[in-house]
Structures are given as structure tokens and as C-alpha cells.
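Structure, as C-alpha cells:
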Amino acid sequence: MNSYLSALEERKKQQLLRTLPLPPEGIDFYSNDYLGLAKSQELRLAIESIQKSQVMNNGATGSRLLSGNSEYSEKVEKLVADFHHTESALIYSSGYTANLGLISCLATRDVTLFCDELLHASLIDGVRLGQSKRVRFKHNSIIDLKKKLKNQSGDKLVIVESIYSMDGDSCPLEEMASVCAQNNALLIVDEAHSIALRGKIGEGMVQALGLVDKVLARIVTYGKGPGIHGAAVVGPQWLKDYQINFSRSMIFSTAPGPHHFCAIEAMYKLLPEIQQEREKLQATIDYFVKKRKETSLNWLDSNSQIQSLIVPGNQAVVELGSKLIENGINALPIRKPSVAEGTERIRFCLHAYNTNEEIDQLFKILSDEG
Ligand SMILES: Cc1ncc(COP(=O)(O)O)c(C=O)c1O
């Protein structure tokens, strides 16, 4: 048996084997389609209408630096930058490639990166590809970050997420921004789980808190709340120029096609009009939080659309996941290495389209758990 097959066997033995599931029938407590935009007829029609209004190639035909750029891509990026009250936007095919490209090119030998210990894998992979020294600080701990920044000289870059993908808690962004300012550190915020959801028009947390000028770059991803796919890095013009020169995942990859830019344009036009969906989601979150507080189970403290029930141990969490699926609830177990050992969990994603009856049904099943 070769070493690759042995690695697969080992994963099977430890109940860690990943497979590609087809969506089971059942109540959606697992997708990232928080606002229902992935299924929205209104968004589909808006995308089609933009596509019909211009003659477009099927594909980009090359990297943005070769044949893959167009006036239309630049027009959409201008629209994205304006929406986010900043100078520039650079669109990538996904949040993963945006983080990989951005972080790895900023991670030069001259810089020290300060990373929250719960950063998403896409940010960590960007750090790994770079050449900077990395310092991890305790999750959301301003005290720990302060201490570590003080001990370090030279250029400093702090990387956080506005809402954390596995725990669902929010970064104390205002305090984070002021600690960075006091210590001459630049701040990067991944808004994957707040774009489309937070702020009056879904602009994300940085903007909603009035921190645009205190943050070097935001990564806004489009596969979750926005219901499509792709991402943009938004920030000052020099940062876009720098990425065009040094971001390898952008330079050495075919550009997103024209249809992708149409979807992004249509989605941004829709965001200000779906306040009602954001309010519905908030009502769903409030009801869920009230219900979970009535249980004696081990819930992480989150007020966002991501709610996690800690069930330590792979076997226990997989068993509970199977039980939920058998009972028509789609909520998948998250095991190590996606989360640290001992913090295995069922991660519930809430949506504007979840009803209180669905939440009641879930808690009825969970009531047998302890
Ligand atoms: C915090 C965070 N950043 C980035 C990504 C990657 O985005 P995408 O799915 O668009 O590649 C994810 C996706 O899970 C995420 O949770």
C-alpha cells in the first residue's frame, strides 16, 4: 500500500475520512446561504438581465494581466469599491484564492504577522506561503495581542475575521483597530460571514462600525450571504496595484469570466433592497439563542447566524450528526482537523428562511441529549 492510501486508511480508522455528500432531504441548518440569495429568483433574473444587455465572451480568455481584463470588469470593480467606501477593489474567483494571494504577497520577510488563533484555513495557507514571521494571539484577546505587538519591532500586520466561521463570535473590531493604531500595526479583516448581513445595506461590519479608515484591507467573499461565489479585496489603490504585481493566485490564474462579473454587479444592486431578509435572519437568530439558552447543553456563546454545539470526540459528534439527519435536520458534524481536538461540534447555520417551527423541531430532538 502506498503512503497516500495509508493516509486514507488512517483517516478512516480515526473516523476522520472526508467524503462529498449529496444534499440530503431535510431542514437546512447547514448551508451558508444565510439570506436565501443562492435560491433567489429575483437575483437570478437580475443576473440574466445584465447578461442579456451586453455581448459577452463565455470565458475571460486569460489572466487579468494578459487577455483577461475588460472595461466591464473594471466598471464592476469600481462599483464594488464605491459600495465599500474605499478606493479600489480587486475581484478573485473565490475567497480562498483572495486570501491566499493577498496574505502571501503581504507576508514579506520585513513584516511580522499577528494572527488570531482561530483564523480560517485560507488565511493560514496565505501565511504559510509567505515569508513573514508569524505570531498567534489568543482568540479575540486584545490583552494578548497588545502584549505581543509591544514585544515586536518592525512592520506589523494583524489579521482577523469580523465573524469567526466556526465559533460564530464577533471580533471586537473597534478595540482591535485602536490597538493596531497605537502600535503602528496594519489591520486586515476577513468579512466572509458578515458581508450582505451586517450594516444597513449589508456592507459588512467594518463599514457599519465606521472603521473603514482604520483598516488596510477587507476581504469580502460572495459564496455565503451574497449567494453567488468569488471575492474582492477592498482597500486603497496602492494595495490593488501591489496585488496586481505580487499576488500570485491572481497573476497566474485565468480571470473570472464576464458572467461572474455580471452576477457580482447584480448582487450588489440587490443588497440594499433586502433589509427585510436581514431582519428575518435576525429574528431567527434571536429565537434560536433564546431556545439554546433554555438547554443545559454546551453551546458556544454566539449572537450570529453561526451557532455551535460542542460535542467532544469524533464518534460522539458523528453519531449526533447522523441522528439529526435521520430526523430530517441537516446540520453537519465538524471534526478535527477542521477544529481543535476536544472542540468537535455540530455547527448550525441559520437562515432568513428558517422558521420557528423548524427550530422547535430541532430542539425537541436535542432535548434527549442531556
Ligand atoms: C472566514 C472565511 N474566509 C474565507 C473563506 C473562503 O471563501 P470561499 O468559500 O469564497 O473560497 C471562508 C469559507 O469558508 C471563510 O469562512
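In the C-alpha cells, chains take letters A, B, ... by order of appearance, with residues numbered from 1 within each chain and ligands from 1 in the order shown.
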Taking only region 189-246 of chain A into account, list the residues labelled helix (DSSP H, G or I) by DSSP (computed from the backbone), as a list in words. Met205, Val206, Gln207, Ala208, Val212, Asp213, Lys214, Gln237, Trp238, Leu239, Lys240, Asp241, Tyr242, Gln243, Ile244, Asn245 and Phe246 of chain A
Just-selected residues, all heavy atoms written as a compact mmCIF listing (two decimals), in the first residue's frame:
```
# COMPACT_ATOMS: atom_id res chain seq x y z
N MET A 205 -19.15 44.55 8.65
CA MET A 205 -19.01 45.13 9.99
C MET A 205 -18.06 46.33 10.04
O MET A 205 -18.28 47.27 10.79
CB MET A 205 -18.54 44.07 10.98
CG MET A 205 -19.71 43.48 11.75
SD MET A 205 -19.29 42.03 12.68
CE MET A 205 -18.22 42.69 13.94
N VAL A 206 -17.00 46.27 9.27
CA VAL A 206 -16.01 47.36 9.31
C VAL A 206 -16.69 48.68 8.96
O VAL A 206 -16.55 49.68 9.66
CB VAL A 206 -14.85 47.07 8.33
CG1 VAL A 206 -13.96 48.29 8.15
CG2 VAL A 206 -14.03 45.88 8.84
N GLN A 207 -17.44 48.64 7.88
CA GLN A 207 -18.12 49.85 7.42
C GLN A 207 -19.23 50.25 8.39
O GLN A 207 -19.38 51.43 8.72
CB GLN A 207 -18.74 49.53 6.07
CG GLN A 207 -18.43 50.53 5.00
CD GLN A 207 -18.80 49.99 3.65
OE1 GLN A 207 -18.34 48.91 3.28
NE2 GLN A 207 -19.64 50.70 2.92
N ALA A 208 -19.97 49.26 8.87
CA ALA A 208 -21.08 49.55 9.78
C ALA A 208 -20.56 50.23 11.04
O ALA A 208 -21.24 51.08 11.63
CB ALA A 208 -21.83 48.27 10.11
N VAL A 212 -13.64 52.14 8.33
CA VAL A 212 -13.00 51.98 7.01
C VAL A 212 -11.57 52.54 7.00
O VAL A 212 -10.65 51.90 6.49
CB VAL A 212 -13.86 52.66 5.92
CG1 VAL A 212 -13.12 52.74 4.59
CG2 VAL A 212 -15.17 51.91 5.75
N ASP A 213 -11.39 53.72 7.58
CA ASP A 213 -10.07 54.35 7.51
C ASP A 213 -9.05 53.71 8.47
O ASP A 213 -7.87 54.03 8.42
CB ASP A 213 -10.17 55.85 7.86
CG ASP A 213 -11.00 56.56 6.82
OD1 ASP A 213 -11.08 56.02 5.69
OD2 ASP A 213 -11.59 57.62 7.12
N LYS A 214 -9.53 52.84 9.32
CA LYS A 214 -8.62 52.23 10.32
C LYS A 214 -8.17 50.82 9.88
O LYS A 214 -7.45 50.15 10.60
CB LYS A 214 -9.34 52.11 11.67
CG LYS A 214 -9.91 53.43 12.15
CD LYS A 214 -9.43 53.72 13.55
CE LYS A 214 -9.54 55.15 13.94
NZ LYS A 214 -10.86 55.73 13.88
N GLN A 237 -5.89 52.24 -3.32
CA GLN A 237 -5.44 51.95 -4.69
C GLN A 237 -4.06 51.29 -4.71
O GLN A 237 -3.81 50.37 -5.48
CB GLN A 237 -5.44 53.25 -5.52
CG GLN A 237 -5.05 53.06 -6.98
CD GLN A 237 -5.98 52.11 -7.73
OE1 GLN A 237 -7.20 52.16 -7.57
NE2 GLN A 237 -5.41 51.23 -8.55
N TRP A 238 -3.15 51.74 -3.81
CA TRP A 238 -1.80 51.16 -3.85
C TRP A 238 -1.83 49.66 -3.57
O TRP A 238 -1.03 48.89 -4.08
CB TRP A 238 -0.82 51.89 -2.91
CG TRP A 238 -1.03 51.67 -1.42
CD1 TRP A 238 -1.61 52.53 -0.56
CD2 TRP A 238 -0.64 50.52 -0.63
NE1 TRP A 238 -1.63 52.00 0.71
CE2 TRP A 238 -1.04 50.76 0.69
CE3 TRP A 238 -0.02 49.31 -0.92
CZ2 TRP A 238 -0.84 49.85 1.73
CZ3 TRP A 238 0.19 48.39 0.11
CH2 TRP A 238 -0.21 48.66 1.41
N LEU A 239 -2.82 49.24 -2.74
CA LEU A 239 -2.89 47.81 -2.40
C LEU A 239 -3.33 47.00 -3.62
O LEU A 239 -2.85 45.89 -3.85
CB LEU A 239 -3.87 47.60 -1.23
CG LEU A 239 -3.92 46.17 -0.72
CD1 LEU A 239 -2.60 45.76 -0.08
CD2 LEU A 239 -5.04 46.00 0.30
N LYS A 240 -4.22 47.58 -4.43
CA LYS A 240 -4.62 46.89 -5.66
C LYS A 240 -3.41 46.81 -6.62
O LYS A 240 -3.12 45.75 -7.18
CB LYS A 240 -5.79 47.64 -6.32
CG LYS A 240 -6.24 47.01 -7.62
CD LYS A 240 -7.56 47.58 -8.09
CE LYS A 240 -7.99 46.93 -9.39
NZ LYS A 240 -9.32 47.37 -9.83
N ASP A 241 -2.70 47.93 -6.76
CA ASP A 241 -1.52 47.94 -7.63
C ASP A 241 -0.50 46.90 -7.15
O ASP A 241 0.11 46.19 -7.96
CB ASP A 241 -0.84 49.32 -7.62
CG ASP A 241 -1.77 50.41 -8.16
OD1 ASP A 241 -2.75 50.07 -8.84
OD2 ASP A 241 -1.51 51.61 -7.87
N TYR A 242 -0.36 46.81 -5.83
CA TYR A 242 0.61 45.86 -5.27
C TYR A 242 0.19 44.41 -5.57
O TYR A 242 1.01 43.60 -5.99
CB TYR A 242 0.70 46.09 -3.74
CG TYR A 242 1.73 45.21 -3.06
CD1 TYR A 242 3.09 45.54 -3.09
CD2 TYR A 242 1.35 44.04 -2.41
CE1 TYR A 242 4.03 44.72 -2.47
CE2 TYR A 242 2.28 43.22 -1.79
CZ TYR A 242 3.62 43.57 -1.82
OH TYR A 242 4.55 42.75 -1.22
N GLN A 243 -1.10 44.12 -5.41
CA GLN A 243 -1.56 42.76 -5.71
C GLN A 243 -1.38 42.42 -7.19
O GLN A 243 -1.03 41.30 -7.54
CB GLN A 243 -3.04 42.61 -5.35
CG GLN A 243 -3.32 42.62 -3.85
CD GLN A 243 -4.80 42.66 -3.59
OE1 GLN A 243 -5.46 41.64 -3.54
NE2 GLN A 243 -5.35 43.86 -3.44
N ILE A 244 -1.67 43.40 -8.05
CA ILE A 244 -1.52 43.15 -9.49
C ILE A 244 -0.06 42.78 -9.81
O ILE A 244 0.22 42.04 -10.74
CB ILE A 244 -2.01 44.38 -10.29
CG1 ILE A 244 -3.52 44.52 -10.14
CG2 ILE A 244 -1.62 44.31 -11.76
CD1 ILE A 244 -4.10 45.84 -10.65
N ASN A 245 0.84 43.26 -9.00
CA ASN A 245 2.26 42.95 -9.22
C ASN A 245 2.76 41.72 -8.47
O ASN A 245 3.69 41.06 -8.92
CB ASN A 245 3.12 44.16 -8.83
CG ASN A 245 3.10 45.19 -9.92
OD1 ASN A 245 3.86 45.08 -10.87
ND2 ASN A 245 2.20 46.15 -9.83
N PHE A 246 2.14 41.43 -7.32
CA PHE A 246 2.74 40.38 -6.47
C PHE A 246 1.79 39.25 -6.04
O PHE A 246 2.25 38.29 -5.43
CB PHE A 246 3.35 41.02 -5.21
CG PHE A 246 4.48 41.96 -5.51
CD1 PHE A 246 4.31 43.33 -5.43
CD2 PHE A 246 5.73 41.48 -5.91
CE1 PHE A 246 5.34 44.22 -5.72
CE2 PHE A 246 6.77 42.35 -6.20
CZ PHE A 246 6.58 43.72 -6.12
```
Residues up to 10 Å from ligand 1, counting only C-alpha atoms and all ligand atoms: could you list those as a ChimeraX atom specification? /A:32,92-100,118-123,160-166,189-194,219-224,228-232
Need to verify the contact set: Val127 (chain A), 10 Å, only C-alpha atoms, exclusion of same-chain residues closer than 2 positions in sequence. Can you return it as a list in words? Asn99, Leu100, Gly101, Leu102, Ile103, Ser104, Cys105, Leu106, Ala107, Thr108, Leu113, Cys115, Ala121, Ser122, Leu123, Ile124, Asp125, Leu129, Gly130, Gln131, Ser132, Lys133, Arg134 and Ile159 of chain A
Sorted by chain and rising residue number, which residues of region 14-48 of chain A lie within 7 Å of region 251-270 of chain A, and what are their closest atom pairs and distances in Å to one decimal, counting only C-alpha atoms, as a tab-separated table?
```
residue	atom	partner	partner_atom	distance
A:Leu43	CA	A:Met267	CA	6.6
A:Ala46	CA	A:Ala266	CA	5.7
A:Ile47	CA	A:Ala263	CA	5.2
```
Write a file of the just-selected residues containing C-alpha atoms, as a PDB file, in the first residue's frame.
```pdb
ATOM      1  CA  LEU A  43     -31.248  37.679  -8.138  1.00  0.00           C
ATOM      2  CA  ALA A  46     -31.260  40.413 -12.319  1.00  0.00           C
ATOM      3  CA  ILE A  47     -28.151  38.466 -13.384  1.00  0.00           C
TER       4      ILE A  47
END
```
Counting only C-alpha atoms, what is within 10 Å of Glu25 (chain A), bar same-chain residues fewer than 2 positions away, as a list in words?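 Everything that qualifies: Leu22, Pro23, Ile27, Asp28, Ile325, Glu326, Gly328, Ile329 and Asn330 of chain A.
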Could you pull out the strand (DSSP E or B) residues of region 50-174 of chain A from DSSP and send them as a ChimeraX atom specification? /A:88-92,111-116,133-137,155-161,163,170
Just write the chosen residues, C-alpha atoms, as a PDB file, in the first residue's frame.
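Final file, again-v6.pdb:
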```pdb
ATOM      1  CA  SER A  88     -10.221  50.106  -5.030  1.00  0.00           C
ATOM      2  CA  ALA A  89     -11.472  46.557  -5.332  1.00  0.00           C
ATOM      3  CA  LEU A  90      -9.789  43.536  -6.874  1.00  0.00           C
ATOM      4  CA  ILE A  91     -12.025  40.580  -7.668  1.00  0.00           C
ATOM      5  CA  TYR A  92     -10.845  36.988  -7.266  1.00  0.00           C
ATOM      6  CA  VAL A 111       6.849  42.054   8.294  1.00  0.00           C
ATOM      7  CA  THR A 112       5.579  40.178  11.350  1.00  0.00           C
ATOM      8  CA  LEU A 113       2.053  38.766  11.041  1.00  0.00           C
ATOM      9  CA  PHE A 114      -0.193  38.639  14.103  1.00  0.00           C
ATOM     10  CA  CYS A 115      -2.915  36.046  13.586  1.00  0.00           C
ATOM     11  CA  ASP A 116      -5.935  35.272  15.727  1.00  0.00           C
ATOM     12  CA  LYS A 133       7.418  35.521  10.980  1.00  0.00           C
ATOM     13  CA  ARG A 134       4.012  34.532  12.403  1.00  0.00           C
ATOM     14  CA  VAL A 135       2.793  35.296  15.948  1.00  0.00           C
ATOM     15  CA  ARG A 136      -0.504  33.753  17.059  1.00  0.00           C
ATOM     16  CA  PHE A 137      -2.589  35.577  19.650  1.00  0.00           C
ATOM     17  CA  ASP A 155       6.414  46.308  10.318  1.00  0.00           C
ATOM     18  CA  LYS A 156       3.353  44.588  11.766  1.00  0.00           C
ATOM     19  CA  LEU A 157       0.187  43.238  10.205  1.00  0.00           C
ATOM     20  CA  VAL A 158      -2.766  41.948  12.230  1.00  0.00           C
ATOM     21  CA  ILE A 159      -5.223  39.506  10.615  1.00  0.00           C
ATOM     22  CA  VAL A 160      -8.729  38.864  12.000  1.00  0.00           C
ATOM     23  CA  GLU A 161     -12.226  37.884  10.873  1.00  0.00           C
ATOM     24  CA  ILE A 163     -17.360  36.936  12.440  1.00  0.00           C
ATOM     25  CA  SER A 170     -17.536  38.595  16.518  1.00  0.00           C
TER      26      SER A 170
END
```
Using only C-alpha atoms, I'd like a table of the residues in region 221-330 of chain A that come within 10 Å of region 9-21 of chain A; for each, show the closest atom pair and its distance in Å rounded to one decimal, ordered by chain and ascending number, as JSON lines.
```
{"residue": "A:Asn314", "atom": "CA", "partner": "A:Gln15", "partner_atom": "CA", "distance": 6.7}
{"residue": "A:Gln315", "atom": "CA", "partner": "A:Gln15", "partner_atom": "CA", "distance": 7.1}
{"residue": "A:Val318", "atom": "CA", "partner": "A:Gln15", "partner_atom": "CA", "distance": 8.5}
```
Keeping N, CA and C atoms, export the residues of the selection given above as a PDB file, in the first residue's frame.
```pdb
ATOM      1  N   ASN A 314     -14.787  12.498  18.124  1.00  0.00           N
ATOM      2  CA  ASN A 314     -15.300  12.282  16.763  1.00  0.00           C
ATOM      3  C   ASN A 314     -16.521  11.389  16.734  1.00  0.00           C
ATOM      4  N   GLN A 315     -16.434  10.287  17.510  1.00  0.00           N
ATOM      5  CA  GLN A 315     -17.544   9.332  17.432  1.00  0.00           C
ATOM      6  C   GLN A 315     -18.848   9.965  17.911  1.00  0.00           C
ATOM      7  N   VAL A 318     -20.180  12.561  15.391  1.00  0.00           N
ATOM      8  CA  VAL A 318     -20.685  11.924  14.162  1.00  0.00           C
ATOM      9  C   VAL A 318     -22.026  11.261  14.453  1.00  0.00           C
TER      10      VAL A 318
END
```
Kindly indicate which residue among A:Ile274, A:Leu309, A:Val215, A:Lys291 lies nearest to Glu357 (chain A), using only C-alpha atoms for the distances.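 Comparing A:Ile274, A:Leu309, A:Val215, A:Lys291 against Glu357 (chain A), the winner is A:Lys291.
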Would you kindly return, as a compact mmCIF listing (two decimals) with C-alpha atoms, in the first residue's frame, each protein, DNA or RNA residue with an atom no farther than 10 Å from any atom of Asp167 (chain A), considering only C-alpha atoms and excluding same-chain residues fewer than 4 positions away?
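Heads up, here's the output in result.txt:
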```txt
# COMPACT_ATOMS: atom_id res chain seq x y z
CA LEU A 118 -8.95 30.76 15.02
CA ILE A 163 -17.36 36.94 12.44
CA TRP A 299 -23.21 25.88 23.35
CA LEU A 300 -20.63 28.42 22.29
CA ASP A 301 -21.67 31.96 23.09
CA SER A 302 -22.57 33.49 19.72
CA SER A 304 -24.61 35.49 14.93
CA ILE A 306 -23.44 30.55 13.25
CA GLN A 307 -24.30 28.59 16.40
CA SER A 308 -22.12 25.72 17.58
CA LEU A 309 -22.94 22.88 19.96
CA ILE A 310 -19.77 21.35 21.38
CA VAL A 339 -11.46 22.36 14.67
CA ARG A 345 -19.14 20.31 17.26
CA ARG A 347 -22.37 23.77 13.58
```
Pick out the residues sitting within 10 Å of Arg292 (chain A), and hand them over as number ranges by chain; count only C-alpha atoms, and ignore anything fewer than 2 positions along from it in its own chain. A: 287-290, 294-301, 307, 309, 359, 363, 366
Keeping N, CA, C and O atoms, export the residues of the selection given above as a short mmCIF file (atom, residue, chain, number, x, y, z; two decimals), in the first residue's frame.
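New file selection.cif:
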```
data_model
loop_
_atom_site.label_atom_id
_atom_site.label_comp_id
_atom_site.auth_asym_id
_atom_site.auth_seq_id
_atom_site.Cartn_x
_atom_site.Cartn_y
_atom_site.Cartn_z
N TYR A 287 -34.52 33.95 18.14
CA TYR A 287 -35.33 32.82 18.62
C TYR A 287 -34.43 31.62 18.96
O TYR A 287 -34.59 30.98 20.00
N PHE A 288 -33.45 31.36 18.09
CA PHE A 288 -32.54 30.22 18.30
C PHE A 288 -31.76 30.41 19.61
O PHE A 288 -31.64 29.50 20.43
N VAL A 289 -31.25 31.64 19.81
CA VAL A 289 -30.43 31.90 21.01
C VAL A 289 -31.28 31.73 22.27
O VAL A 289 -30.85 31.13 23.26
N LYS A 290 -32.53 32.20 22.20
CA LYS A 290 -33.43 32.03 23.36
C LYS A 290 -33.61 30.53 23.65
O LYS A 290 -33.51 30.10 24.80
N GLU A 294 -32.16 27.88 26.98
CA GLU A 294 -33.04 27.08 27.85
C GLU A 294 -32.52 25.65 28.04
O GLU A 294 -33.04 24.90 28.83
N THR A 295 -31.48 25.26 27.28
CA THR A 295 -30.94 23.90 27.41
C THR A 295 -29.73 23.91 28.35
O THR A 295 -29.18 24.98 28.63
N SER A 296 -29.32 22.70 28.76
CA SER A 296 -28.09 22.63 29.57
C SER A 296 -26.94 22.11 28.73
O SER A 296 -25.95 21.62 29.26
N LEU A 297 -27.07 22.19 27.43
CA LEU A 297 -26.01 21.68 26.54
C LEU A 297 -24.87 22.69 26.43
O LEU A 297 -25.03 23.86 26.80
N ASN A 298 -23.75 22.22 25.87
CA ASN A 298 -22.54 23.04 25.82
C ASN A 298 -22.47 23.87 24.53
O ASN A 298 -21.80 23.51 23.57
N TRP A 299 -23.19 25.00 24.53
CA TRP A 299 -23.21 25.88 23.35
C TRP A 299 -22.12 26.93 23.45
O TRP A 299 -21.84 27.44 24.53
N LEU A 300 -21.53 27.27 22.29
CA LEU A 300 -20.63 28.42 22.29
C LEU A 300 -21.47 29.69 22.32
O LEU A 300 -22.58 29.71 21.79
N ASP A 301 -20.91 30.73 22.94
CA ASP A 301 -21.67 31.96 23.09
C ASP A 301 -21.56 32.80 21.80
O ASP A 301 -20.55 33.43 21.56
N GLN A 307 -24.10 29.03 15.02
CA GLN A 307 -24.30 28.59 16.40
C GLN A 307 -23.71 27.18 16.54
O GLN A 307 -24.09 26.29 15.78
N LEU A 309 -22.73 23.74 18.78
CA LEU A 309 -22.94 22.88 19.96
C LEU A 309 -21.72 21.98 20.09
O LEU A 309 -21.45 21.15 19.22
N ILE A 359 -37.02 25.35 14.18
CA ILE A 359 -36.11 25.44 15.34
C ILE A 359 -36.68 24.62 16.50
O ILE A 359 -35.96 23.86 17.17
N PHE A 363 -34.87 21.48 18.53
CA PHE A 363 -34.63 21.43 19.98
C PHE A 363 -35.37 20.27 20.63
O PHE A 363 -34.93 19.76 21.66
N LEU A 366 -32.93 17.56 20.19
CA LEU A 366 -31.76 17.75 21.07
C LEU A 366 -32.10 17.55 22.54
O LEU A 366 -31.22 17.33 23.35
#
```
What's the 8 Å shell around region 179-182 of chain A, counting only C-alpha atoms, without same-chain residues fewer than 4 positions away, as a compact mmCIF listing (two decimals) with all heavy atoms, in the first residue's frame?
```txt
# COMPACT_ATOMS: atom_id res chain seq x y z
N ILE A 142 -7.65 41.11 23.15
CA ILE A 142 -6.98 42.38 22.96
C ILE A 142 -5.73 42.44 23.85
O ILE A 142 -4.68 42.93 23.45
CB ILE A 142 -7.94 43.55 23.33
CG1 ILE A 142 -9.17 43.52 22.41
CG2 ILE A 142 -7.25 44.89 23.29
CD1 ILE A 142 -8.89 43.86 20.98
N LYS A 146 -2.06 42.97 22.42
CA LYS A 146 -1.32 44.17 22.85
C LYS A 146 0.08 43.77 23.32
O LYS A 146 1.08 44.35 22.91
CB LYS A 146 -2.07 44.78 24.04
CG LYS A 146 -2.37 46.24 23.90
CD LYS A 146 -2.93 46.71 25.22
CE LYS A 146 -4.07 47.64 25.01
NZ LYS A 146 -4.76 48.02 26.20
N VAL A 158 -1.87 42.77 11.40
CA VAL A 158 -2.77 41.95 12.23
C VAL A 158 -3.89 41.42 11.34
O VAL A 158 -4.46 42.16 10.54
CB VAL A 158 -3.35 42.80 13.38
CG1 VAL A 158 -4.39 42.02 14.17
CG2 VAL A 158 -2.23 43.29 14.30
N GLU A 175 -11.93 47.94 19.29
CA GLU A 175 -10.74 47.86 20.16
C GLU A 175 -9.53 47.37 19.37
O GLU A 175 -8.42 47.85 19.54
CB GLU A 175 -11.00 46.87 21.30
CG GLU A 175 -11.95 47.38 22.35
CD GLU A 175 -12.34 46.24 23.28
OE1 GLU A 175 -11.63 46.03 24.26
OE2 GLU A 175 -13.33 45.55 22.99
N LEU A 186 -0.79 47.42 10.85
CA LEU A 186 -1.88 47.48 9.87
C LEU A 186 -2.86 46.36 10.17
O LEU A 186 -2.48 45.31 10.71
CB LEU A 186 -1.31 47.32 8.45
CG LEU A 186 -0.37 48.44 8.00
CD1 LEU A 186 0.33 48.06 6.70
CD2 LEU A 186 -1.15 49.75 7.85
N LEU A 187 -4.14 46.59 9.80
CA LEU A 187 -5.18 45.60 10.15
C LEU A 187 -5.88 45.09 8.88
O LEU A 187 -6.27 45.88 8.01
CB LEU A 187 -6.19 46.28 11.09
CG LEU A 187 -7.40 45.45 11.55
CD1 LEU A 187 -6.98 44.20 12.31
CD2 LEU A 187 -8.32 46.31 12.43
N LYS A 214 -9.53 52.84 9.32
CA LYS A 214 -8.62 52.23 10.32
C LYS A 214 -8.17 50.82 9.88
O LYS A 214 -7.45 50.15 10.60
CB LYS A 214 -9.34 52.11 11.67
CG LYS A 214 -9.91 53.43 12.15
CD LYS A 214 -9.43 53.72 13.55
CE LYS A 214 -9.54 55.15 13.94
NZ LYS A 214 -10.86 55.73 13.88
```
